[in-house]
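Engineer: So that you have it, the file is final-v2.cif, and it contains mmCIF, C-alpha atoms:
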data_structure
loop_
_atom_site.group_PDB
_atom_site.id
_atom_site.type_symbol
_atom_site.label_atom_id
_atom_site.label_comp_id
_atom_site.auth_asym_id
_atom_site.auth_seq_id
_atom_site.Cartn_x
_atom_site.Cartn_y
_atom_site.Cartn_z
ATOM 1 C CA MET A 1 -36.051 15.760 12.168
ATOM 2 C CA LYS A 2 -35.439 17.113 8.691
ATOM 3 C CA GLN A 3 -33.531 20.406 8.705
ATOM 4 C CA PHE A 4 -34.864 23.208 6.558
ATOM 5 C CA GLU A 5 -33.204 26.275 5.096
ATOM 6 C CA ALA A 6 -33.063 28.579 8.098
ATOM 7 C CA LEU A 7 -35.753 31.243 8.059
ATOM 8 C CA THR A 8 -34.440 34.534 9.417
ATOM 9 C CA ARG A 9 -35.788 38.029 9.767
ATOM 10 C CA LYS A 10 -34.819 40.198 6.844
ATOM 11 C CA SER A 11 -34.313 43.277 9.034
ATOM 12 C CA ASP A 12 -31.540 41.919 11.287
ATOM 13 C CA ARG A 13 -30.896 38.339 10.039
ATOM 14 C CA GLN A 14 -31.846 37.029 13.471
ATOM 15 C CA PRO A 15 -33.932 33.842 13.920
ATOM 16 C CA VAL A 16 -37.682 34.207 13.518
ATOM 17 C CA ARG A 17 -39.260 34.350 16.999
ATOM 18 C CA TYR A 18 -42.329 32.219 17.739
ATOM 19 C CA LEU A 19 -45.084 32.128 20.345
ATOM 20 C CA ILE A 20 -46.720 28.689 20.539
ATOM 21 C CA VAL A 21 -50.255 28.481 21.921
ATOM 22 C CA ASP A 22 -51.809 25.062 22.560
ATOM 23 C CA ASP A 23 -53.391 23.476 25.642
ATOM 24 C CA SER A 24 -51.466 20.252 24.987
ATOM 25 C CA VAL A 25 -47.899 20.306 26.313
ATOM 26 C CA PHE A 26 -47.170 17.528 23.866
ATOM 27 C CA ALA A 27 -48.393 19.562 20.890
ATOM 28 C CA ARG A 28 -46.354 22.580 22.018
ATOM 29 C CA LYS A 29 -43.245 20.448 22.322
ATOM 30 C CA SER A 30 -43.813 18.949 18.884
ATOM 31 C CA LEU A 31 -44.350 22.377 17.260
ATOM 32 C CA ALA A 32 -41.299 23.753 19.063
ATOM 33 C CA LYS A 33 -39.131 21.024 17.533
ATOM 34 C CA MET A 34 -40.572 21.829 14.138
ATOM 35 C CA VAL A 35 -39.865 25.564 14.300
ATOM 36 C CA GLU A 36 -36.378 24.890 15.619
ATOM 37 C CA SER A 37 -35.787 22.783 12.512
ATOM 38 C CA TYR A 38 -36.624 25.945 10.531
ATOM 39 C CA GLY A 39 -33.921 27.820 12.440
ATOM 40 C CA GLY A 40 -36.540 29.582 14.584
ATOM 41 C CA GLN A 41 -36.560 30.455 18.257
ATOM 42 C CA VAL A 42 -39.466 29.773 20.633
ATOM 43 C CA ILE A 43 -39.732 32.829 22.871
ATOM 44 C CA GLY A 44 -42.991 32.012 24.585
ATOM 45 C CA GLU A 45 -45.643 29.373 25.167
ATOM 46 C CA ALA A 46 -49.237 29.533 26.347
ATOM 47 C CA GLY A 47 -51.855 26.896 27.167
ATOM 48 C CA ASP A 48 -54.948 29.063 26.642
ATOM 49 C CA GLY A 49 -56.128 32.210 24.910
ATOM 50 C CA CYS A 50 -55.874 34.497 27.955
ATOM 51 C CA THR A 51 -52.227 33.625 28.534
ATOM 52 C CA ALA A 52 -51.584 34.007 24.797
ATOM 53 C CA ILE A 53 -52.710 37.640 24.925
ATOM 54 C CA THR A 54 -50.369 38.531 27.795
ATOM 55 C CA GLU A 55 -47.515 36.517 26.302
ATOM 56 C CA TYR A 56 -47.943 38.273 22.960
ATOM 57 C CA ALA A 57 -47.725 41.695 24.614
ATOM 58 C CA ARG A 58 -44.678 40.594 26.607
ATOM 59 C CA THR A 59 -42.710 38.891 23.834
ATOM 60 C CA LYS A 60 -43.898 40.540 20.583
ATOM 61 C CA PRO A 61 -43.151 37.442 18.478
ATOM 62 C CA ASP A 62 -42.763 37.412 14.708
ATOM 63 C CA ILE A 63 -45.169 34.480 14.353
ATOM 64 C CA VAL A 64 -47.862 33.012 16.616
ATOM 65 C CA LEU A 65 -48.944 29.391 16.168
ATOM 66 C CA MET A 66 -52.414 29.207 17.711
ATOM 67 C CA ASP A 67 -54.651 26.235 18.511
ATOM 68 C CA ILE A 68 -58.446 26.754 18.470
ATOM 69 C CA THR A 69 -59.987 24.406 21.027
ATOM 70 C CA MET A 70 -58.566 25.420 24.390
ATOM 71 C CA PRO A 71 -59.906 25.928 27.926
ATOM 72 C CA GLN A 72 -60.833 29.387 29.290
ATOM 73 C CA MET A 73 -60.504 31.273 26.028
ATOM 74 C CA GLU A 74 -60.499 29.693 22.590
ATOM 75 C CA GLY A 75 -58.022 30.516 19.856
ATOM 76 C CA ILE A 76 -60.384 32.502 17.620
ATOM 77 C CA GLU A 77 -61.268 34.935 20.413
ATOM 78 C CA ALA A 78 -57.586 35.258 21.299
ATOM 79 C CA VAL A 79 -56.813 36.079 17.641
ATOM 80 C CA ASP A 80 -59.497 38.760 17.691
ATOM 81 C CA ARG A 81 -58.096 40.386 20.827
ATOM 82 C CA ILE A 82 -54.452 40.179 19.810
ATOM 83 C CA VAL A 83 -55.059 41.586 16.328
ATOM 84 C CA HIS A 84 -57.258 44.340 17.777
ATOM 85 C CA GLU A 85 -54.363 45.473 19.983
ATOM 86 C CA HIS A 86 -51.560 44.588 17.557
ATOM 87 C CA PRO A 87 -52.770 44.767 13.930
ATOM 88 C CA GLU A 88 -49.325 43.723 12.726
ATOM 89 C CA ALA A 89 -49.593 40.325 14.490
ATOM 90 C CA ARG A 90 -48.944 37.328 12.260
ATOM 91 C CA ILE A 91 -51.037 34.458 13.586
ATOM 92 C CA VAL A 92 -51.244 31.009 12.020
ATOM 93 C CA ILE A 93 -54.043 28.776 13.291
ATOM 94 C CA VAL A 94 -52.891 25.201 13.947
ATOM 95 C CA SER A 95 -55.876 23.025 14.765
ATOM 96 C CA SER A 96 -57.361 19.608 14.177
ATOM 97 C CA VAL A 97 -60.779 21.234 13.830
ATOM 98 C CA GLY A 98 -60.643 22.584 10.310
ATOM 99 C CA TYR A 99 -64.197 23.068 9.112
ATOM 100 C CA GLN A 100 -64.966 25.943 6.809
ATOM 101 C CA ASP A 101 -66.884 28.096 9.301
ATOM 102 C CA ASN A 102 -64.021 27.884 11.774
ATOM 103 C CA ILE A 103 -61.372 28.752 9.191
ATOM 104 C CA LEU A 104 -63.452 31.643 7.912
ATOM 105 C CA ALA A 105 -64.052 32.966 11.434
ATOM 106 C CA ALA A 106 -60.321 32.814 12.231
ATOM 107 C CA LEU A 107 -59.368 34.600 9.001
ATOM 108 C CA GLN A 108 -62.051 37.249 9.531
ATOM 109 C CA LYS A 109 -60.649 37.920 13.004
ATOM 110 C CA GLY A 110 -57.223 38.497 11.528
ATOM 111 C CA ALA A 111 -55.420 35.150 11.404
ATOM 112 C CA ARG A 112 -53.072 34.992 8.408
ATOM 113 C CA HIS A 113 -53.306 31.292 7.630
ATOM 114 C CA PHE A 114 -54.595 27.918 8.766
ATOM 115 C CA VAL A 115 -52.948 24.501 9.015
ATOM 116 C CA GLN A 116 -54.718 21.332 10.066
ATOM 117 C CA LYS A 117 -53.298 18.776 12.521
ATOM 118 C CA PRO A 118 -51.528 16.423 12.232
ATOM 119 C CA VAL A 119 -49.065 19.063 11.060
ATOM 120 C CA LYS A 120 -46.646 18.240 8.269
ATOM 121 C CA ALA A 121 -43.323 20.015 8.771
ATOM 122 C CA ASP A 122 -42.968 20.840 5.051
ATOM 123 C CA ALA A 123 -46.445 22.353 4.869
ATOM 124 C CA LEU A 124 -45.983 24.508 7.976
ATOM 125 C CA TYR A 125 -42.592 25.719 6.715
ATOM 126 C CA GLU A 126 -44.126 26.908 3.437
ATOM 127 C CA ILE A 127 -46.988 28.601 5.270
ATOM 128 C CA ILE A 128 -44.596 30.447 7.568
ATOM 129 C CA ARG A 129 -42.521 31.591 4.582
ATOM 130 C CA TYR A 130 -45.708 32.826 2.954
ATOM 131 C CA VAL A 131 -46.901 34.616 6.086
ATOM 132 C CA LEU A 132 -43.512 36.257 6.683
ATOM 133 C CA ASN A 133 -43.609 37.411 3.081
ATOM 134 C CA ASP A 134 -40.892 40.015 2.446
ATOM 135 C CA ASP A 135 -39.883 40.151 6.114
ATOM 136 C CA GLY A 136 -38.289 36.698 6.003
ATOM 137 C CA VAL A 137 -35.265 35.315 4.180
ATOM 138 C CA THR A 138 -33.857 31.807 3.998
ATOM 139 C CA SER A 139 -30.342 30.461 4.334
ATOM 140 C CA PRO A 140 -29.312 27.018 3.042
ATOM 141 C CA VAL A 141 -28.760 24.416 5.780
ATOM 142 C CA GLY A 142 -25.201 24.574 7.058
ATOM 143 C CA ALA A 143 -24.250 27.362 4.660
ATOM 144 C CA GLY A 144 -22.954 30.731 5.704
ATOM 145 C CA THR A 145 -24.475 32.601 2.791
ATOM 146 C CA GLU A 146 -28.075 33.659 2.695
ATOM 147 C CA THR A 147 -30.426 33.303 -0.199
ATOM 148 C CA SER A 148 -33.015 35.984 -0.659
ATOM 149 C CA ARG A 149 -36.568 34.726 -1.224
ATOM 150 C CA MET B 1 -77.095 5.232 16.430
ATOM 151 C CA ARG B 2 -76.710 6.692 12.956
ATOM 152 C CA MET B 3 -73.856 5.196 10.995
ATOM 153 C CA ASP B 4 -73.323 8.369 8.971
ATOM 154 C CA LEU B 5 -72.398 10.164 12.206
ATOM 155 C CA ILE B 6 -70.001 7.439 13.339
ATOM 156 C CA GLN B 7 -68.261 6.817 10.035
ATOM 157 C CA PRO B 8 -66.176 10.044 10.024
ATOM 158 C CA PHE B 9 -64.661 9.078 13.394
ATOM 159 C CA ILE B 10 -63.757 5.592 12.193
ATOM 160 C CA GLY B 11 -62.307 6.908 8.935
ATOM 161 C CA SER B 12 -60.327 9.582 10.741
ATOM 162 C CA LEU B 13 -58.831 7.132 13.273
ATOM 163 C CA ASP B 14 -57.965 4.740 10.452
ATOM 164 C CA ALA B 15 -56.109 7.477 8.543
ATOM 165 C CA VAL B 16 -54.298 8.900 11.580
ATOM 166 C CA LEU B 17 -53.232 5.460 12.842
ATOM 167 C CA ALA B 18 -51.919 4.494 9.401
ATOM 168 C CA GLU B 19 -49.752 7.618 9.426
ATOM 169 C CA MET B 20 -48.530 7.274 13.018
ATOM 170 C CA MET B 21 -47.917 3.515 12.901
ATOM 171 C CA GLN B 22 -46.509 3.602 9.349
ATOM 172 C CA GLU B 23 -48.538 0.437 8.724
ATOM 173 C CA PRO B 24 -52.232 -0.071 8.051
ATOM 174 C CA ALA B 25 -54.538 -0.740 10.992
ATOM 175 C CA LYS B 26 -57.579 -3.005 10.646
ATOM 176 C CA ILE B 27 -60.942 -3.103 12.357
ATOM 177 C CA VAL B 28 -61.269 -6.371 14.256
ATOM 178 C CA ASP B 29 -64.416 -5.772 16.275
ATOM 179 C CA LEU B 30 -67.484 -3.544 16.416
ATOM 180 C CA THR B 31 -69.784 -3.843 19.434
ATOM 181 C CA MET B 32 -72.597 -1.959 21.145
ATOM 182 C CA GLU B 33 -72.393 -1.319 24.855
ATOM 183 C CA GLU B 34 -75.012 -0.094 27.304
ATOM 184 C CA GLU B 35 -73.162 -0.707 30.544
ATOM 185 C CA GLY B 36 -70.117 0.909 32.102
ATOM 186 C CA TYR B 37 -67.024 1.012 29.933
ATOM 187 C CA ARG B 38 -63.846 -0.674 31.159
ATOM 188 C CA LYS B 39 -60.822 1.037 29.762
ATOM 189 C CA LYS B 40 -58.027 -1.033 28.286
ATOM 190 C CA GLY B 41 -55.096 1.338 28.536
ATOM 191 C CA ALA B 42 -54.572 5.077 28.448
ATOM 192 C CA ALA B 43 -57.770 6.866 27.475
ATOM 193 C CA ALA B 44 -58.962 10.383 26.710
ATOM 194 C CA THR B 45 -62.453 11.696 26.120
ATOM 195 C CA VAL B 46 -63.767 14.547 24.011
ATOM 196 C CA VAL B 47 -67.234 15.996 24.573
ATOM 197 C CA PHE B 48 -69.338 17.895 22.037
ATOM 198 C CA ARG B 49 -72.510 19.914 22.392
ATOM 199 C CA GLY B 50 -74.982 21.301 19.886
ATOM 200 C CA GLU B 51 -76.914 19.678 17.074
ATOM 201 C CA ILE B 52 -74.888 16.563 17.810
ATOM 202 C CA GLU B 53 -74.288 15.823 21.467
ATOM 203 C CA GLY B 54 -72.183 13.152 23.037
ATOM 204 C CA ARG B 55 -68.653 12.063 23.633
ATOM 205 C CA VAL B 56 -65.926 9.953 22.105
ATOM 206 C CA ILE B 57 -63.362 7.988 24.088
ATOM 207 C CA LEU B 58 -60.037 7.035 22.549
ATOM 208 C CA ASP B 59 -58.496 4.161 24.463
ATOM 209 C CA MET B 60 -55.054 2.778 23.572
ATOM 210 C CA GLU B 61 -53.079 -0.183 24.806
ATOM 211 C CA PRO B 62 -49.860 1.130 26.381
ATOM 212 C CA GLN B 63 -47.549 -0.218 23.661
ATOM 213 C CA ALA B 64 -49.633 1.380 20.919
ATOM 214 C CA ALA B 65 -49.635 4.700 22.792
ATOM 215 C CA ALA B 66 -45.878 4.488 23.305
ATOM 216 C CA HIS B 67 -45.348 3.911 19.585
ATOM 217 C CA VAL B 68 -47.432 6.953 18.672
ATOM 218 C CA ALA B 69 -45.628 9.016 21.342
ATOM 219 C CA CYS B 70 -42.340 8.004 19.756
ATOM 220 C CA TYR B 71 -43.614 9.031 16.304
ATOM 221 C CA LEU B 72 -45.004 12.364 17.494
ATOM 222 C CA SER B 73 -41.844 13.192 19.417
ATOM 223 C CA ASP B 74 -39.766 12.536 16.315
ATOM 224 C CA GLY B 75 -38.283 9.197 17.302
ATOM 225 C CA GLU B 76 -37.422 10.007 20.922
ATOM 226 C CA SER B 77 -36.344 6.637 22.327
ATOM 227 C CA THR B 78 -37.247 7.213 25.984
ATOM 228 C CA ILE B 79 -40.962 7.729 26.420
ATOM 229 C CA SER B 80 -41.841 8.743 29.976
ATOM 230 C CA GLU B 81 -44.979 7.581 31.813
ATOM 231 C CA THR B 82 -46.348 11.115 31.825
ATOM 232 C CA LEU B 83 -46.023 11.374 28.065
ATOM 233 C CA ILE B 84 -48.488 8.520 27.418
ATOM 234 C CA PRO B 85 -51.702 10.280 28.586
ATOM 235 C CA GLU B 86 -50.557 13.434 26.765
ATOM 236 C CA THR B 87 -50.083 11.391 23.602
ATOM 237 C CA VAL B 88 -53.537 9.832 23.797
ATOM 238 C CA ALA B 89 -55.122 13.246 24.415
ATOM 239 C CA GLU B 90 -53.315 14.746 21.417
ATOM 240 C CA LEU B 91 -54.224 11.799 19.196
ATOM 241 C CA ALA B 92 -57.867 12.082 20.325
ATOM 242 C CA ASN B 93 -57.696 15.772 19.463
ATOM 243 C CA MET B 94 -56.495 14.984 15.928
ATOM 244 C CA VAL B 95 -58.869 12.087 15.255
ATOM 245 C CA ILE B 96 -61.959 13.767 16.634
ATOM 246 C CA GLY B 97 -61.048 17.163 15.192
ATOM 247 C CA ASN B 98 -60.751 15.702 11.705
ATOM 248 C CA ALA B 99 -64.087 13.883 12.055
ATOM 249 C CA VAL B 100 -65.787 16.970 13.433
ATOM 250 C CA THR B 101 -64.484 18.930 10.459
ATOM 251 C CA GLN B 102 -66.227 16.512 8.096
ATOM 252 C CA LEU B 103 -69.478 16.624 10.069
ATOM 253 C CA ASN B 104 -69.471 20.418 10.258
ATOM 254 C CA ASP B 105 -68.793 20.700 6.559
ATOM 255 C CA ALA B 106 -71.764 18.356 6.051
ATOM 256 C CA GLY B 107 -73.953 20.919 7.828
ATOM 257 C CA TYR B 108 -74.030 19.773 11.468
ATOM 258 C CA GLN B 109 -73.467 22.589 13.958
ATOM 259 C CA PHE B 110 -71.832 21.733 17.253
ATOM 260 C CA LYS B 111 -68.994 22.700 19.521
ATOM 261 C CA VAL B 112 -66.062 20.533 20.601
ATOM 262 C CA PHE B 113 -64.392 20.753 23.998
ATOM 263 C CA PRO B 114 -60.719 20.045 24.734
ATOM 264 C CA PRO B 115 -59.719 16.394 25.355
ATOM 265 C CA GLN B 116 -59.467 15.209 28.936
ATOM 266 C CA ALA B 117 -57.817 12.151 30.429
ATOM 267 C CA LEU B 118 -60.431 9.543 31.311
ATOM 268 C CA THR B 119 -60.576 8.368 34.909
ATOM 269 C CA VAL B 120 -61.866 4.988 36.107
ATOM 270 C CA ALA B 121 -64.913 6.690 37.689
ATOM 271 C CA GLN B 122 -65.777 8.447 34.413
ATOM 272 C CA CYS B 123 -65.375 5.125 32.640
ATOM 273 C CA GLU B 124 -67.927 3.387 34.832
ATOM 274 C CA LYS B 125 -70.386 6.209 34.191
ATOM 275 C CA ALA B 126 -69.598 6.423 30.492
ATOM 276 C CA GLY B 127 -71.859 3.668 29.268
ATOM 277 C CA HIS B 128 -74.874 4.263 31.508
ATOM 278 C CA ASP B 129 -76.189 7.481 30.041
ATOM 279 C CA THR B 130 -76.423 6.399 26.437
ATOM 280 C CA GLU B 131 -75.762 3.527 24.083
ATOM 281 C CA ALA B 132 -72.224 3.450 22.750
ATOM 282 C CA SER B 133 -70.595 1.900 19.683
ATOM 283 C CA ILE B 134 -67.118 0.552 20.268
ATOM 284 C CA VAL B 135 -64.764 0.022 17.361
ATOM 285 C CA CYS B 136 -61.578 -1.933 17.958
ATOM 286 C CA PHE B 137 -58.596 -1.389 15.642
ATOM 287 C CA GLU B 138 -55.682 -3.777 15.650
ATOM 288 C CA THR B 139 -52.281 -2.291 14.911
ATOM 289 C CA PRO B 140 -48.838 -3.931 14.856
ATOM 290 C CA HIS B 141 -48.231 -2.334 18.265
ATOM 291 C CA GLY B 142 -51.451 -3.113 20.088
ATOM 292 C CA LYS B 143 -55.170 -2.434 20.057
ATOM 293 C CA VAL B 144 -56.883 0.934 19.893
ATOM 294 C CA HIS B 145 -60.530 1.356 20.884
ATOM 295 C CA LEU B 146 -62.898 4.114 19.881
ATOM 296 C CA ASN B 147 -66.011 4.387 22.049
ATOM 297 C CA ILE B 148 -68.616 6.653 20.442
ATOM 298 C CA ALA B 149 -71.822 7.772 22.131
ATOM 299 C CA MET B 150 -73.796 10.548 20.485
ATOM 300 C CA GLN B 151 -77.260 11.757 19.667
ATOM 301 C CA HIS B 152 -78.525 13.971 16.897
ATOM 302 C CA HIS B 153 -81.039 16.702 17.698
ATOM 303 C CA ALA B 154 -83.111 18.013 14.803
ATOM 304 C CA VAL B 155 -83.085 21.464 16.416
ATOM 305 C CA ALA B 156 -79.701 22.509 17.705
ATOM 306 C CA ALA B 157 -79.337 22.899 21.443
ATOM 307 C CA PRO B 158 -77.704 26.198 22.392
ATOM 308 C CA VAL B 159 -73.914 25.884 22.314
ATOM 309 C CA LYS B 160 -72.342 27.379 25.449
#
If you convert what's in this file into structure tokens, what do you get?
Structural biologist:
Amino acid sequence: MKQFEALTRKSDRQPVRYLIVDDSVFARKSLAKMVESYGGQVIGEAGDGCTAITEYARTKPDIVLMDITMPQMEGIEAVDRIVHEHPEARIVIVSSVGYQDNILAALQKGARHFVQKPVKADALYEIIRYVLNDDGVTSPVGAGTETSR
Amino acid sequence: MRMDLIQPFIGSLDAVLAEMMQEPAKIVDLTMEEEGYRKKGAAATVVFRGEIEGRVILDMEPQAAAHVACYLSDGESTISETLIPETVAELANMVIGNAVTQLNDAGYQFKVFPPQALTVAQCEKAGHDTEASIVCFETPHGKVHLNIAMQHHAVAAPVK
């Protein structure tokens, strides 16, 4: 997989920490590989919205990648509950179901961005940079020096 | 069955297969079926409820599924048996999700449920409840079938 300029947290220069929420093990594995290619660290996974809420509280990730269509509790409701408890949460919806009403509902509940499956690594990287905003910095691949965004 | 409801699914599968296979796929057969469906390989089904009700089955010959699994897992050379049904479910999720997006943006209101692996018993039942259209795509790595059975209700049924 293509390697990207490592995205790190501006505060401590540590890897960005991700929580990946998707009912498909395959999709989680695929997203995990992608975020690792950005220099990130997967600190938690969940297969439904309920588990996502408890995992968020336990791990306090920098970024959540959240599917919509899942058993037990869907992604949009999980976004609502997480953001209600943790207004600072940065949640990016990653779903194949990308119609306008769904996107709008997710954004209204507090999601920061939306990306449609199949996910392109370049597109997700740019979205994560955007969502991290000033809290993220990049370092060139294989270089020891860091480049401020 | 209304062609304008089916077309987004066919277009979506065509686009996703072209990306995953890195070569164009072509439609080689389109049939109607009213009896039980006999699956050809690994299959997953997605159900939807609301103004449009029904289900779509994505059924892939093992070699085609293995090729997509390899693509989605970034060229992993060893594809395990357990990865194949997961691959088909994820592909069904993408194909049907993209089609549903188009239909929702066109004004149809309905809810989609997560993909599930299709069992032989479900297959036998699949064609008895409603008429289905089956589209067969040929790819360089095997055939892929899309079995679509759906009905449009003028007044939306409550989505639970």
Engineer: At a cut-off of 8 Å, can you tabulate as CSV every residue of stretch 15-116 of chain B near stretch 91-114 of chain A together with its closest atom pair and the distance in Å to one decimal, using all atoms listed in the file and ordering rows by chain then number?
Structural biologist:
residue,atom,partner,partner_atom,distance
B:Asn93,CA,A:Ser96,CA,6.5
B:Met94,CA,A:Ser96,CA,5.0
B:Val95,CA,A:Ser96,CA,7.7
B:Ile96,CA,A:Ser96,CA,7.8
B:Gly97,CA,A:Val97,CA,4.3
B:Asn98,CA,A:Ser96,CA,5.7
B:Val100,CA,A:Val97,CA,6.6
B:Thr101,CA,A:Tyr99,CA,4.4
B:Gln102,CA,A:Tyr99,CA,6.9
B:Asn104,CA,A:Tyr99,CA,6.0
B:Asp105,CA,A:Tyr99,CA,5.8
Engineer: Could the residues in this selection be saved with C-alpha atoms as a PDB file, in the frame of the given file?
Structural biologist:
ATOM      1  CA  ASN B  93     -57.696  15.772  19.463  1.00  0.00           C
ATOM      2  CA  MET B  94     -56.495  14.984  15.928  1.00  0.00           C
ATOM      3  CA  VAL B  95     -58.869  12.087  15.255  1.00  0.00           C
ATOM      4  CA  ILE B  96     -61.959  13.767  16.634  1.00  0.00           C
ATOM      5  CA  GLY B  97     -61.048  17.163  15.192  1.00  0.00           C
ATOM      6  CA  ASN B  98     -60.751  15.702  11.705  1.00  0.00           C
ATOM      7  CA  VAL B 100     -65.787  16.970  13.433  1.00  0.00           C
ATOM      8  CA  THR B 101     -64.484  18.930  10.459  1.00  0.00           C
ATOM      9  CA  GLN B 102     -66.227  16.512   8.096  1.00  0.00           C
ATOM     10  CA  ASN B 104     -69.471  20.418  10.258  1.00  0.00           C
ATOM     11  CA  ASP B 105     -68.793  20.700   6.559  1.00  0.00           C
TER      12      ASP B 105
END
Engineer: Build an axis-aligned box that encloses every atom of stretch 44-50 of chain A listed in the file, pad it by 5 Å on each side, and report its centre and edge lengths in Å to one decimal, as JSON.
Structural biologist:
{"center_x": -49.6, "center_y": 30.7, "center_z": 26.3, "size_x": 23.1, "size_y": 17.6, "size_z": 13.4}
Engineer: Given all atoms listed in the file, how would the per-residue table for chain B near chain A read, listing every residue at most 12 Å away with its closest atom pair and distance in Å to one decimal, sorted by chain and number, as a tab-separated table?
Structural biologist:
residue	atom	partner	partner_atom	distance
B:Ser12	CA	A:Ser96	CA	11.0
B:Leu13	CA	A:Pro118	CA	11.9
B:Ala15	CA	A:Pro118	CA	10.7
B:Val16	CA	A:Pro118	CA	8.0
B:Leu17	CA	A:Pro118	CA	11.1
B:Glu19	CA	A:Pro118	CA	9.4
B:Met20	CA	A:Pro118	CA	9.7
B:Val46	CA	A:Thr69	CA	11.0
B:Val47	CA	A:Thr69	CA	11.7
B:Phe48	CA	A:Thr69	CA	11.4
B:Val68	CA	A:Phe26	CA	11.8
B:Ala69	CA	A:Phe26	CA	9.0
B:Cys70	CA	A:Ser30	CA	11.1
B:Tyr71	CA	A:Ser30	CA	10.3
B:Leu72	CA	A:Ser30	CA	6.8
B:Ser73	CA	A:Ser30	CA	6.1
B:Asp74	CA	A:Met1	CA	6.4
B:Gly75	CA	A:Met1	CA	8.6
B:Glu76	CA	A:Met1	CA	10.6
B:Ile79	CA	A:Phe26	CA	11.9
B:Ser80	CA	A:Phe26	CA	12.0
B:Thr82	CA	A:Phe26	CA	10.3
B:Leu83	CA	A:Phe26	CA	7.5
B:Ile84	CA	A:Phe26	CA	9.8
B:Pro85	CA	A:Phe26	CA	9.8
B:Glu86	CA	A:Phe26	CA	6.1
B:Thr87	CA	A:Phe26	CA	6.8
B:Val88	CA	A:Phe26	CA	10.0
B:Ala89	CA	A:Ser24	CA	7.9
B:Glu90	CA	A:Ser24	CA	6.8
B:Leu91	CA	A:Pro118	CA	8.8
B:Ala92	CA	A:Ser96	CA	9.7
B:Asn93	CA	A:Ser96	CA	6.5
B:Met94	CA	A:Ser96	CA	5.0
B:Val95	CA	A:Ser96	CA	7.7
B:Ile96	CA	A:Ser96	CA	7.8
B:Gly97	CA	A:Val97	CA	4.3
B:Asn98	CA	A:Ser96	CA	5.7
B:Ala99	CA	A:Val97	CA	8.3
B:Val100	CA	A:Val97	CA	6.6
B:Thr101	CA	A:Tyr99	CA	4.4
B:Gln102	CA	A:Tyr99	CA	6.9
B:Leu103	CA	A:Tyr99	CA	8.4
B:Asn104	CA	A:Tyr99	CA	6.0
B:Asp105	CA	A:Tyr99	CA	5.8
B:Ala106	CA	A:Tyr99	CA	9.4
B:Gly107	CA	A:Tyr99	CA	10.1
B:Tyr108	CA	A:Tyr99	CA	10.6
B:Gln109	CA	A:Asp101	CA	9.8
B:Phe110	CA	A:Tyr99	CA	11.2
B:Lys111	CA	A:Thr69	CA	9.3
B:Val112	CA	A:Thr69	CA	7.2
B:Phe113	CA	A:Thr69	CA	6.4
B:Pro114	CA	A:Thr69	CA	5.8
B:Pro115	CA	A:Thr69	CA	9.1
B:Gln116	CA	A:Ser24	CA	10.2
B:Ala117	CA	A:Ser24	CA	11.6
Engineer: Could you list, as a PyMOL selection string, every residue within 8 Å of B:Glu33, counting only C-alpha atoms and ignoring same-chain residues fewer than 4 positions away?
Structural biologist: chain B and resi 37+127+131-134
Engineer: Work out how far apart atom CA of A:Leu132 and atom CA of A:Ala46 are and give it in Å to one decimal.
Structural biologist: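 Going from atom CA of A:Leu132 over to atom CA of A:Ala46 covers 21.6 Å.
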Engineer: Would you compute the distance between atom CA of B:Ile57 and atom CA of B:Ala44? Give it in Å to one decimal.
Structural biologist: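 Separating atom CA of B:Ile57 from atom CA of B:Ala44 is a distance of 5.7 Å.
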Engineer: Which residues come within 8 Å of B:Thr139, counting only C-alpha atoms, excluding same-chain residues fewer than 5 positions away, as a VMD selection string?
Structural biologist: chain B and resid 21 23 to 26 64 144
Engineer: Report as a JSON list (two decimals) with C-alpha atoms, in the coordinates of the input the full result of the PyMOL selection byres ((chain B and resi 54) around 9) when it is applied to this structure.
Structural biologist:
[["chain", "number", "residue", "atom", "x", "y", "z"],
["B", 46, "VAL", "CA", -63.77, 14.55, 24.01],
["B", 47, "VAL", "CA", -67.23, 16.00, 24.57],
["B", 48, "PHE", "CA", -69.34, 17.90, 22.04],
["B", 49, "ARG", "CA", -72.51, 19.91, 22.39],
["B", 52, "ILE", "CA", -74.89, 16.56, 17.81],
["B", 53, "GLU", "CA", -74.29, 15.82, 21.47],
["B", 55, "ARG", "CA", -68.65, 12.06, 23.63],
["B", 56, "VAL", "CA", -65.93, 9.95, 22.10],
["B", 130, "THR", "CA", -76.42, 6.40, 26.44],
["B", 148, "ILE", "CA", -68.62, 6.65, 20.44],
["B", 149, "ALA", "CA", -71.82, 7.77, 22.13],
["B", 150, "MET", "CA", -73.80, 10.55, 20.48],
["B", 151, "GLN", "CA", -77.26, 11.76, 19.67],
["B", 152, "HIS", "CA", -78.53, 13.97, 16.90]]
Engineer: What gap, in Å, lies between atom CA of B:Gln63 and atom CA of B:Lys39?
Structural biologist: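 Separation of atom CA of B:Gln63 and atom CA of B:Lys39: 14.7 Å.
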Engineer: Using all atoms listed in the file, find the one residue out of A:Cys50, A:Arg129, A:Thr138, A:Glu45 that sits nearest to A:Leu65.
Structural biologist: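 That would be A:Glu45, the residue with the smallest distance to A:Leu65.
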